[in-house]
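**Q** Take a look at this one; I'll ask things after.
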Amino acid sequence: MNYSVEFKELVENCVISNAHIGDGNPNAKILFVGQEAAYDGKTDEYNANIIKWKSNVNKLESNLYLEYENTFSSGHTWRKYQKLHNYIFPEFIAKEGRINFHERIFTTEMSDNPAKKNGEAKKNPNYKADLQKRKEFFFNEDFIQNFNVVVLACSGYLVNNEKNWEINNLFKVRYVGDEFGKKWYNKTNWFYIHYSEDNRKLVIHTRQLSNDVFDKMLEEMGKIIRNHIEKTILL
C-alpha cells in the first residue's frame, strides 16, 4: 500500500506521543470518529495499535483489521458502522457473517482513554484535559483534516453552538442551519450537517452509534454521505 506523507507523519507523531491511531484504510475518504475504544484501560492489545501501524508503514503492508468475523452483538458500534457503510456503499456489502467497512473507511476515537463504558471513561481524572489535548494535536493533523467526509459519532465529546463553535473551528466547516442541517428522530437519535466553504468536506455530528440507533437514521445519513461522495467524484 502507498501511504500518504500525511499518514506517515501522523504515525511518527503518534509513536512519539504514544497516541492511539485507529483502524481501517488510511487511504479512505471517509473517517468515523467514536467516543473511546471499548477496552478495559490501555491494555497491551490497545497499545499495540501504534506498533502495528509503525510496522505496516515501514513494510508497506495493507491496512489493519480487514474482514473481521461479525461476532459482535447487534448493538456493537462496529455492527452499526457496518450498517452505515452498507447504506453508503450498497455495492460492497460484506458476505454473511463478516464486516468489511474497514476497506473504505478509517476509524479512530475522540478520546485516547479507553473504557468498557462511557461513564467509566468520564471518571478518569485526566478525562477533560486529555480530551482537549487530543483535539488540539491529533485532530489537527493534516491526515485527519484531509478527509472529505467525517462522521463524529461521539455526541457530547464535541459541541457546536453560539458559545463554542468547536466543530466549525476544528474541522473548518459551518453548520448549515436547522432547516437543512438538523435531522431529529427523537432525543437519542439525531445528527447535524456541516460543510466546508467550498463544499468539498462534509462533517456529520451524531450520537455514539450503538445499541438503540434507528436504522432509518443510518439510512438517511448514508444517503447524504453517498450523495456528497458522488457530487465530489470520490468513488
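Simple scheme: letters A, B, ... for chains in C-alpha cells order, numbers from 1 for residues in each chain, numbers from 1 for ligands in the order shown.
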Tell me, as a PyMOL selection string, which residues lie within 9 Å of range 194-210 of chain A, counting only C-alpha atoms; anything in the same chain fewer than 3 positions away does not count.

**A** chain A and resi 34-35+74-81+146-156+158+167-168+171-177+181+188-191+213+221+225+228+232

**Q** Taking the chain letters and numbering used in this document, name the residues of range 18-126 of chain A that DSSP puts in strand (DSSP E), as number ranges by chain.

**A** A: 23-24, 30-34, 68-69, 98-99, 105-109

**Q** Distance CA of Gly97 in chain A-CA of Glu220 in chain A, one decimal place?

**A**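 That distance, rounded to one decimal, is 24.2 Å.
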
**Q** Give the answer as one residue: which of A:Arg98, A:Lys116, A:Lys216, A:Arg104 has the shortest atom-to-atom distance to Ala37 in chain A, using only C-alpha atoms?

**A**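 Using only C-alpha atoms, the shortest distance to Ala37 in chain A belongs to A:Lys116.
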
**Q** Have a look at A:Glu141, A:Glu91, A:Glu96, A:Asp40 and name the one nearest to Ile21 in chain A; count only C-alpha atoms.

**A**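 Between A:Glu141, A:Glu91, A:Glu96, A:Asp40, the residue approaching Ile21 in chain A most closely is A:Glu141.
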
**Q** When you look at range 120-133 of chain A with a cut-off of 10 Å (counting only C-alpha atoms), what residues show up, excluding the ones that are within fewer than 2 positions of it in the same chain? I need them as a PyMOL selection string.

**A** chain A and resi 35-38+40-41+110-118+135-139+157-158

**Q** So how many Å separate CA of Ser55 in chain A and CA of Lys8 in chain A, to one decimal?

**A**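 Those two atoms sit 11.3 Å apart.
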
**Q** Hey, can you check how far CA of Glu103 in chain A sits from CA of Met1 in chain A?

**A** 12.4 Å

**Q** Report as JSON, numbers by chain: the residues of range 33-193 of chain A with a DSSP assignment of alpha helix (DSSP H), based on the backbone of this structure.

**A** {"A": [44, 45, 46, 47, 48, 49, 50, 51, 52, 53, 54, 55, 56, 57, 58, 59, 77, 78, 79, 80, 81, 82, 83, 84, 85, 86, 87, 88, 118, 119, 120, 121, 122, 127, 128, 129, 130, 131, 132, 133, 134, 135, 136, 142, 143, 144, 145, 166, 167, 168, 169, 170, 171, 178, 179, 180, 181]}
